[in-house]
Structure formats: C-alpha cells, structure tokens
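Peer 1: To start, I am sharing the structure in question, which I have written as structure tokens.
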Amino acid sequence: MNYDQIMQLALERGFYFPSCEVYVDAQAGFWEYGPSGVSLKNKFVELWRREFVRRDRMMEIDGSQIMSQSVFMASGHLSSFADPIVRCKKCKSIFRADRLITEITSMVVPESADLSEFDKIILEKNIVCPRCKGRFDNAHKFNMMFKVGIGPESESAYLRPETCQSIFVDFPRLYKTMRGKLPIGIAQIGKSFRNEISPRQSLLRLREFYQAEIEVFCNPNKLDNLEKFSEVENTELRIMVGENIKTMTCKQSLDSGVLPNRLVAYYL
Ligand SMILES: [Zn+2]
C-alpha cells in the first residue's frame, strides 16, 4: 500500500474527514479526527510523553493558542513568517511563487529568495497561470499567521503559528517557580495555525494542526557538564559525515569531533 491508499482507507474508516463538510463554504486544510483517529493520536501523544517528557523529566505546559502581537514582533514572525505569492492578473488565482516555479520548470528557488528573483524567473521562463494562461502581478509576501481581534476594540492578536512561543515566553516564570536546573527541557503539545495558501489534501499541509515541541534550555558555557550523558554514551547514532552516513556511539561521535558537545549528543 502506498501513502495515498493508506490515507484513502483511513478516510473511509473514519479516522479523519474534512471539517464542515456538510456546507458548501467548507475551507480546505481543516480536518476532524474521528473516533479511531483520536485513539491513534492519543497513542502517539502517550508515546511522546513517555519517551521524552517523563523519561527526561521535562516540564510540560499547555499554553494559550491566542497570543498578543508583541510576542510575534519579538519572535520575528510578524515580519518574516511569510510565503512569496503571485496573483494571476486575469483569473486572480494565487500561487506560491517558489512552488509554481518548481512545478513548471523543476528549478528549486528557496522560499526566502528575494522577491525580485521570483519575478525575474517568471519573466525569463515565460511562466503563465496554469489555470487560464494569464500573466502574473509582481511577487509579494503573504504573512501566514491568522490574525484575531480581541474585545470590542478588536485589538490585534494572533493564533500561534508554532507551539514553541509560549515555551519561550513562560521560561523565566517556569525556571523560577519550578526551581529548574539547567539544562532543562520544556515540552508542549497542542494546536498551531498557519494560513497556508494551498493546503494539500489529507494531513500533510494543514491550516490547523497539532504540534509537539520541546525546547531545551542550557548554559552555553557548560555544554559538556551533563551527568546523564553516561546513560547514552554507548547508544549508536547514524550521522551524516561529509557525503556518508556513519554509525557511531555518542561517545565516539564526541571523541572524533563529529559532534561538538555532550548536550547535542545526548539529545540526538
Ligand atoms: Zn489565471
């Protein structure tokens, strides 16, 4: 069975299905987990909690999904969490510039490329709208965060695009109230939201999805000061060294200088 067949079967058996499907204005990129889907998801979450959170004695939090504008100003998401898009002048269809170019010419242009780079390639390769053969406007950036208005004055806030934001914002309080000792992992699983331009069918690229994230806070001057390293020193890792994948233990990877310190080796 390939991926598409498995996803089709899961759909037929009610593991997941489109959100709001009885209405014509149902939007793409939103899905429901049915009873079997929830059971499966819960098993993943339990495995994640057991293997990461409990095993490494991390702290788990459950933060708010709506966060204030200042958070995303500080994180850089307001200015840079954006995709390059182009709009057809004729039928007004919108495409992600980097994907459109790759699909039509097989050229790979990083999504972070300068906007003028997309315009240049579209002109040079004579790329037109796949739907109506129309020409495109100049590329521009589209911020992928969902904006929400708080209260009657509709103050700007955003649905978090990643679960890590509250981990960073909450770190000082957690460190103090939980009497943390570095290095310390803070974990969170929950919903994240991204206003994707073209969500794919099925569960690969969604506008609302679960994310399980862990941030490990450490003292950069004490990256080799890690007692629990002895638990993993003989654990084998597969590491890309130059062009080759090498299998070596955590200890060997440090002794040979492939990995820079015990903290990195431990969490790998
Ligand atoms: Zn068009």
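Just so we're on the same page: first chain in the structure tokens is A, next is B, and so on; residues restart at 1 for each chain, and ligands are numbered from 1 in the order they show up.
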If we count only C-alpha atoms and set the cut-off at 9 Å, which residues sit around region 196-202 of chain A, ignoring sequence neighbours fewer than 5 positions away in its own chain? Please answer as a ChimeraX atom specification.

Peer 2: /A:4,7-8,11,16-18,28-31,83,85,94-96,142,144-145,207

Peer 1: Keeping only C-alpha atoms, write the selected residues to a file as a CSV table (one decimal), in the first residue's frame.

Peer 2:
chain,number,residue,atom,x,y,z
A,4,ASP,CA,-2.4,7.7,-0.9
A,7,MET,CA,-4.9,7.8,3.6
A,8,GLN,CA,-7.9,6.8,1.4
A,11,LEU,CA,-10.8,8.4,5.3
A,16,TYR,CA,-10.3,11.6,9.8
A,17,PHE,CA,-12.6,13.6,7.5
A,18,PRO,CA,-13.0,17.2,6.2
A,28,ALA,CA,-9.5,23.3,2.8
A,29,GLY,CA,-6.9,22.5,5.3
A,30,PHE,CA,-9.1,21.8,8.3
A,31,TRP,CA,-9.8,18.2,9.3
A,83,ASP,CA,5.4,33.0,1.9
A,85,ILE,CA,3.0,34.6,-3.7
A,94,ILE,CA,-3.0,32.9,-6.3
A,95,PHE,CA,0.0,30.6,-6.3
A,96,ARG,CA,3.1,30.2,-4.1
A,142,PHE,CA,1.8,36.9,2.5
A,144,MET,CA,0.8,33.1,7.3
A,145,MET,CA,-0.4,33.9,10.8
A,207,ARG,CA,-4.1,25.3,8.4

Peer 1: DSSP on the backbone, then: every residue of region 188-233 of chain A marked helix (DSSP H, G or I), written as a ChimeraX atom specification.

Peer 2: /A:227-231

Peer 1: Could you please take those selected residues and save N, CA and C atoms as a PDB file, in the first residue's frame?

Peer 2:
ATOM      1  N   GLU A 227      25.624  15.126  33.560  1.00  0.00           N
ATOM      2  CA  GLU A 227      25.803  13.817  34.212  1.00  0.00           C
ATOM      3  C   GLU A 227      25.083  12.696  33.477  1.00  0.00           C
ATOM      4  N   LYS A 228      23.869  12.983  33.016  1.00  0.00           N
ATOM      5  CA  LYS A 228      23.082  11.907  32.406  1.00  0.00           C
ATOM      6  C   LYS A 228      23.636  11.454  31.061  1.00  0.00           C
ATOM      7  N   PHE A 229      24.713  12.062  30.605  1.00  0.00           N
ATOM      8  CA  PHE A 229      25.320  11.622  29.346  1.00  0.00           C
ATOM      9  C   PHE A 229      25.740  10.150  29.421  1.00  0.00           C
ATOM     10  N   SER A 230      26.149   9.703  30.629  1.00  0.00           N
ATOM     11  CA  SER A 230      26.609   8.318  30.767  1.00  0.00           C
ATOM     12  C   SER A 230      25.519   7.306  30.392  1.00  0.00           C
ATOM     13  N   GLU A 231      24.237   7.724  30.507  1.00  0.00           N
ATOM     14  CA  GLU A 231      23.130   6.822  30.132  1.00  0.00           C
ATOM     15  C   GLU A 231      23.107   6.534  28.641  1.00  0.00           C
TER      16      GLU A 231
END

Peer 1: Can you list, as a PyMOL selection string, every protein, DNA or RNA residue that comes within 9 Å of Arg135 (chain A) when you count only C-alpha atoms, leaving out same-chain residues fewer than 2 positions away?

Peer 2: chain A and resi 87-90+127-129+132-133+137

Peer 1: Could you write out the selected residues, including N, CA and C atoms, as a PDB file, in the first residue's frame?

Peer 2:
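Here's the written file out11.pdb:
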ATOM      1  N   ARG A  87      -0.140  36.600  -8.035  1.00  0.00           N
ATOM      2  CA  ARG A  87      -1.563  36.556  -8.389  1.00  0.00           C
ATOM      3  C   ARG A  87      -1.714  36.731  -9.897  1.00  0.00           C
ATOM      4  N   CYS A  88      -2.573  35.878 -10.477  1.00  0.00           N
ATOM      5  CA  CYS A  88      -2.837  35.977 -11.917  1.00  0.00           C
ATOM      6  C   CYS A  88      -3.651  37.240 -12.185  1.00  0.00           C
ATOM      7  N   LYS A  89      -3.204  38.045 -13.155  1.00  0.00           N
ATOM      8  CA  LYS A  89      -3.910  39.305 -13.442  1.00  0.00           C
ATOM      9  C   LYS A  89      -5.285  39.047 -14.040  1.00  0.00           C
ATOM     10  N   LYS A  90      -5.440  37.900 -14.702  1.00  0.00           N
ATOM     11  CA  LYS A  90      -6.689  37.634 -15.423  1.00  0.00           C
ATOM     12  C   LYS A  90      -7.722  36.927 -14.523  1.00  0.00           C
ATOM     13  N   ILE A 127       6.634  31.974 -17.550  1.00  0.00           N
ATOM     14  CA  ILE A 127       5.658  31.194 -16.781  1.00  0.00           C
ATOM     15  C   ILE A 127       4.325  31.958 -16.741  1.00  0.00           C
ATOM     16  N   VAL A 128       3.255  31.241 -17.129  1.00  0.00           N
ATOM     17  CA  VAL A 128       1.928  31.864 -17.103  1.00  0.00           C
ATOM     18  C   VAL A 128       1.016  31.062 -16.173  1.00  0.00           C
ATOM     19  N   CYS A 129      -0.158  31.608 -15.914  1.00  0.00           N
ATOM     20  CA  CYS A 129      -1.108  30.970 -14.985  1.00  0.00           C
ATOM     21  C   CYS A 129      -1.509  29.587 -15.504  1.00  0.00           C
ATOM     22  N   CYS A 132      -5.423  29.725 -16.548  1.00  0.00           N
ATOM     23  CA  CYS A 132      -6.007  30.495 -17.659  1.00  0.00           C
ATOM     24  C   CYS A 132      -4.954  31.066 -18.602  1.00  0.00           C
ATOM     25  N   LYS A 133      -3.695  30.742 -18.372  1.00  0.00           N
ATOM     26  CA  LYS A 133      -2.589  31.240 -19.210  1.00  0.00           C
ATOM     27  C   LYS A 133      -2.369  32.758 -19.074  1.00  0.00           C
ATOM     28  N   ASP A 137       0.993  39.309 -11.569  1.00  0.00           N
ATOM     29  CA  ASP A 137       1.472  40.520 -10.892  1.00  0.00           C
ATOM     30  C   ASP A 137       2.846  40.229 -10.300  1.00  0.00           C
TER      31      ASP A 137
END

Peer 1: Which of these residues is nearest to ligand 1, using only C-alpha atoms and all ligand atoms: A:Asn126, A:Asn244, A:Ser93, A:Asn225?

Peer 2: A:Ser93

Peer 1: Quick one: residues within 12 Å of region 46-49 of chain A, only C-alpha atoms counted, chain neighbours fewer than 5 positions away excluded, as a PDB file with N, CA and C atoms, in the first residue's frame?

Peer 2:
ATOM      1  N   SER A  39      -8.142   7.830  18.907  1.00  0.00           N
ATOM      2  CA  SER A  39      -7.425   6.772  19.650  1.00  0.00           C
ATOM      3  C   SER A  39      -5.978   6.686  19.191  1.00  0.00           C
ATOM      4  N   LEU A  40      -5.788   6.745  17.877  1.00  0.00           N
ATOM      5  CA  LEU A  40      -4.433   6.643  17.322  1.00  0.00           C
ATOM      6  C   LEU A  40      -3.589   7.845  17.751  1.00  0.00           C
ATOM      7  N   LYS A  41      -4.197   9.025  17.665  1.00  0.00           N
ATOM      8  CA  LYS A  41      -3.482  10.246  18.061  1.00  0.00           C
ATOM      9  C   LYS A  41      -3.098  10.186  19.536  1.00  0.00           C
ATOM     10  N   ARG A  54       8.547  12.301  30.241  1.00  0.00           N
ATOM     11  CA  ARG A  54       8.785  11.622  31.516  1.00  0.00           C
ATOM     12  C   ARG A  54      10.202  11.089  31.614  1.00  0.00           C
ATOM     13  N   ARG A  55      10.672  10.492  30.515  1.00  0.00           N
ATOM     14  CA  ARG A  55      11.989   9.871  30.575  1.00  0.00           C
ATOM     15  C   ARG A  55      13.088  10.884  30.863  1.00  0.00           C
ATOM     16  N   ASP A  56      12.935  12.083  30.311  1.00  0.00           N
ATOM     17  CA  ASP A  56      13.961  13.103  30.512  1.00  0.00           C
ATOM     18  C   ASP A  56      13.560  14.117  31.589  1.00  0.00           C
ATOM     19  N   ARG A  57      12.461  13.825  32.298  1.00  0.00           N
ATOM     20  CA  ARG A  57      11.956  14.721  33.346  1.00  0.00           C
ATOM     21  C   ARG A  57      11.810  16.156  32.868  1.00  0.00           C
ATOM     22  N   MET A  58      11.147  16.297  31.729  1.00  0.00           N
ATOM     23  CA  MET A  58      10.896  17.647  31.220  1.00  0.00           C
ATOM     24  C   MET A  58       9.668  18.220  31.905  1.00  0.00           C
ATOM     25  N   MET A  59       9.488  19.521  31.750  1.00  0.00           N
ATOM     26  CA  MET A  59       8.251  20.138  32.231  1.00  0.00           C
ATOM     27  C   MET A  59       7.335  20.253  31.033  1.00  0.00           C
ATOM     28  N   GLU A  60       6.065  19.901  31.234  1.00  0.00           N
ATOM     29  CA  GLU A  60       5.113  20.067  30.137  1.00  0.00           C
ATOM     30  C   GLU A  60       4.165  21.205  30.471  1.00  0.00           C
ATOM     31  N   ILE A  61       3.902  22.049  29.484  1.00  0.00           N
ATOM     32  CA  ILE A  61       2.935  23.133  29.697  1.00  0.00           C
ATOM     33  C   ILE A  61       1.832  23.039  28.648  1.00  0.00           C
ATOM     34  N   ILE A 186      11.521  21.957  28.162  1.00  0.00           N
ATOM     35  CA  ILE A 186      10.119  22.328  28.363  1.00  0.00           C
ATOM     36  C   ILE A 186       9.356  21.871  27.126  1.00  0.00           C
ATOM     37  N   ALA A 187       8.270  21.137  27.367  1.00  0.00           N
ATOM     38  CA  ALA A 187       7.557  20.494  26.269  1.00  0.00           C
ATOM     39  C   ALA A 187       6.125  21.007  26.184  1.00  0.00           C
ATOM     40  N   GLN A 188       5.604  20.981  24.987  1.00  0.00           N
ATOM     41  CA  GLN A 188       4.204  21.354  24.804  1.00  0.00           C
ATOM     42  C   GLN A 188       3.639  20.646  23.582  1.00  0.00           C
ATOM     43  N   ILE A 189       2.434  20.095  23.729  1.00  0.00           N
ATOM     44  CA  ILE A 189       1.723  19.576  22.558  1.00  0.00           C
ATOM     45  C   ILE A 189       0.398  20.313  22.486  1.00  0.00           C
ATOM     46  N   GLN A 211       0.975  20.143  17.102  1.00  0.00           N
ATOM     47  CA  GLN A 211       2.434  20.155  17.098  1.00  0.00           C
ATOM     48  C   GLN A 211       2.916  19.697  18.458  1.00  0.00           C
ATOM     49  N   ALA A 212       3.966  18.904  18.465  1.00  0.00           N
ATOM     50  CA  ALA A 212       4.598  18.503  19.720  1.00  0.00           C
ATOM     51  C   ALA A 212       6.007  19.083  19.678  1.00  0.00           C
ATOM     52  N   GLU A 213       6.283  19.998  20.590  1.00  0.00           N
ATOM     53  CA  GLU A 213       7.584  20.669  20.552  1.00  0.00           C
ATOM     54  C   GLU A 213       8.276  20.598  21.904  1.00  0.00           C
ATOM     55  N   ILE A 214       9.600  20.584  21.838  1.00  0.00           N
ATOM     56  CA  ILE A 214      10.409  20.605  23.054  1.00  0.00           C
ATOM     57  C   ILE A 214      11.522  21.630  22.847  1.00  0.00           C
TER      58      ILE A 214
END

Peer 1: One number please: CA of Lys147 (chain A) to CA of Ser192 (chain A), in Å, one decimal.

Peer 2: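 About the pair CA of Lys147 (chain A) and CA of Ser192 (chain A): they are 13.0 Å apart.
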
Peer 1: Measuring between only C-alpha atoms, which one of A:Phe171, A:Phe146, A:Tyr23, A:Tyr267 shows the shortest distance to Phe193 (chain A)?

Peer 2: A:Phe146

Peer 1: So that I can see what lies close to Val148 (chain A), please list as a VMD selection string the residues with an atom at most 12 Å from it, counting only C-alpha atoms and leaving out residues fewer than 5 positions away in the same chain.

Peer 2: chain A and resid 65 to 69 153 to 160 193

Peer 1: Among region 170-217 of chain A, which residues does DSSP mark as strand (DSSP E or B) when it is run on the backbone? Keep the chain and numbering as in the structure and answer as a list in words.

Peer 2: Ile184, Gly185, Ile186, Ala187, Gln188, Ile189, Gly190, Lys191, Ser192, Phe193, Glu208, Phe209, Tyr210, Gln211, Ala212, Glu213, Ile214, Glu215, Val216 and Phe217 of chain A

Peer 1: Keeping N, CA and C atoms for every residue in the selection just given, could you write it to a file as a short mmCIF file (atom, residue, chain, number, x, y, z; two decimals), in the first residue's frame?

Peer 2:
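selection16.cif, written as the output of this step:
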data_model
loop_
_atom_site.label_atom_id
_atom_site.label_comp_id
_atom_site.auth_asym_id
_atom_site.auth_seq_id
_atom_site.Cartn_x
_atom_site.Cartn_y
_atom_site.Cartn_z
N ILE A 184 17.41 22.21 30.95
CA ILE A 184 16.04 21.78 31.24
C ILE A 184 15.20 21.81 29.97
N GLY A 185 14.39 20.76 29.80
CA GLY A 185 13.52 20.69 28.63
C GLY A 185 12.11 21.12 29.01
N ILE A 186 11.52 21.96 28.16
CA ILE A 186 10.12 22.33 28.36
C ILE A 186 9.36 21.87 27.13
N ALA A 187 8.27 21.14 27.37
CA ALA A 187 7.56 20.49 26.27
C ALA A 187 6.12 21.01 26.18
N GLN A 188 5.60 20.98 24.99
CA GLN A 188 4.20 21.35 24.80
C GLN A 188 3.64 20.65 23.58
N ILE A 189 2.43 20.10 23.73
CA ILE A 189 1.72 19.58 22.56
C ILE A 189 0.40 20.31 22.49
N GLY A 190 0.03 20.73 21.29
CA GLY A 190 -1.23 21.46 21.15
C GLY A 190 -1.43 21.94 19.73
N LYS A 191 -2.46 22.75 19.56
CA LYS A 191 -2.80 23.21 18.21
C LYS A 191 -1.93 24.39 17.79
N SER A 192 -1.58 24.38 16.50
CA SER A 192 -0.94 25.52 15.86
C SER A 192 -1.73 25.85 14.60
N PHE A 193 -1.55 27.07 14.11
CA PHE A 193 -2.38 27.55 12.99
C PHE A 193 -1.53 28.27 11.96
N GLU A 208 -4.76 24.11 10.42
CA GLU A 208 -4.87 23.93 11.86
C GLU A 208 -4.36 22.53 12.16
N PHE A 209 -3.39 22.41 13.05
CA PHE A 209 -2.77 21.10 13.25
C PHE A 209 -2.16 20.99 14.65
N TYR A 210 -1.86 19.77 15.03
CA TYR A 210 -1.19 19.54 16.31
C TYR A 210 0.32 19.59 16.11
N GLN A 211 0.98 20.14 17.10
CA GLN A 211 2.43 20.16 17.10
C GLN A 211 2.92 19.70 18.46
N ALA A 212 3.97 18.90 18.46
CA ALA A 212 4.60 18.50 19.72
C ALA A 212 6.01 19.08 19.68
N GLU A 213 6.28 20.00 20.59
CA GLU A 213 7.58 20.67 20.55
C GLU A 213 8.28 20.60 21.90
N ILE A 214 9.60 20.58 21.84
CA ILE A 214 10.41 20.61 23.05
C ILE A 214 11.52 21.63 22.85
N GLU A 215 11.71 22.49 23.82
CA GLU A 215 12.86 23.39 23.79
C GLU A 215 13.74 23.03 24.98
N VAL A 216 15.02 22.86 24.72
CA VAL A 216 15.95 22.55 25.81
C VAL A 216 16.77 23.81 26.11
N PHE A 217 16.70 24.29 27.33
CA PHE A 217 17.43 25.49 27.74
C PHE A 217 18.72 25.05 28.43
#

Peer 1: Ranking A:Lys120, A:Lys43, A:Lys141, A:Arg131 by minimum distance to ligand 1 and counting only C-alpha atoms and all ligand atoms, which one comes first?

Peer 2: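 With only C-alpha atoms and all ligand atoms as the atom set, the closest residue is A:Arg131.
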
Peer 1: Report the distance between CA of Val169 (chain A) and CA of Leu268 (chain A) in Å, rounded to one decimal place.

Peer 2: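 Taking CA of Val169 (chain A) as the start and CA of Leu268 (chain A) as the end point, the length is 24.9 Å.
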
Peer 1: Interatomic distance between CA of Asp119 (chain A) and CA of Ile101 (chain A)?

Peer 2: 10.3 Å

Peer 1: Closest to ligand 1 among A:Cys91, A:Ser80, A:Asn42, A:Glu51, using only C-alpha atoms and all ligand atoms?

Peer 2: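 Checking each candidate against ligand 1, we get A:Cys91 as the closest.
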
Peer 1: Near Tyr266 (chain A), counting only C-alpha atoms, which residues have an atom at most 8 Å away, once you skip same-chain residues fewer than 4 positions from it, shown as a list in words?

Peer 2: Phe229, Val232, Glu233, Cys250 and Arg262 of chain A
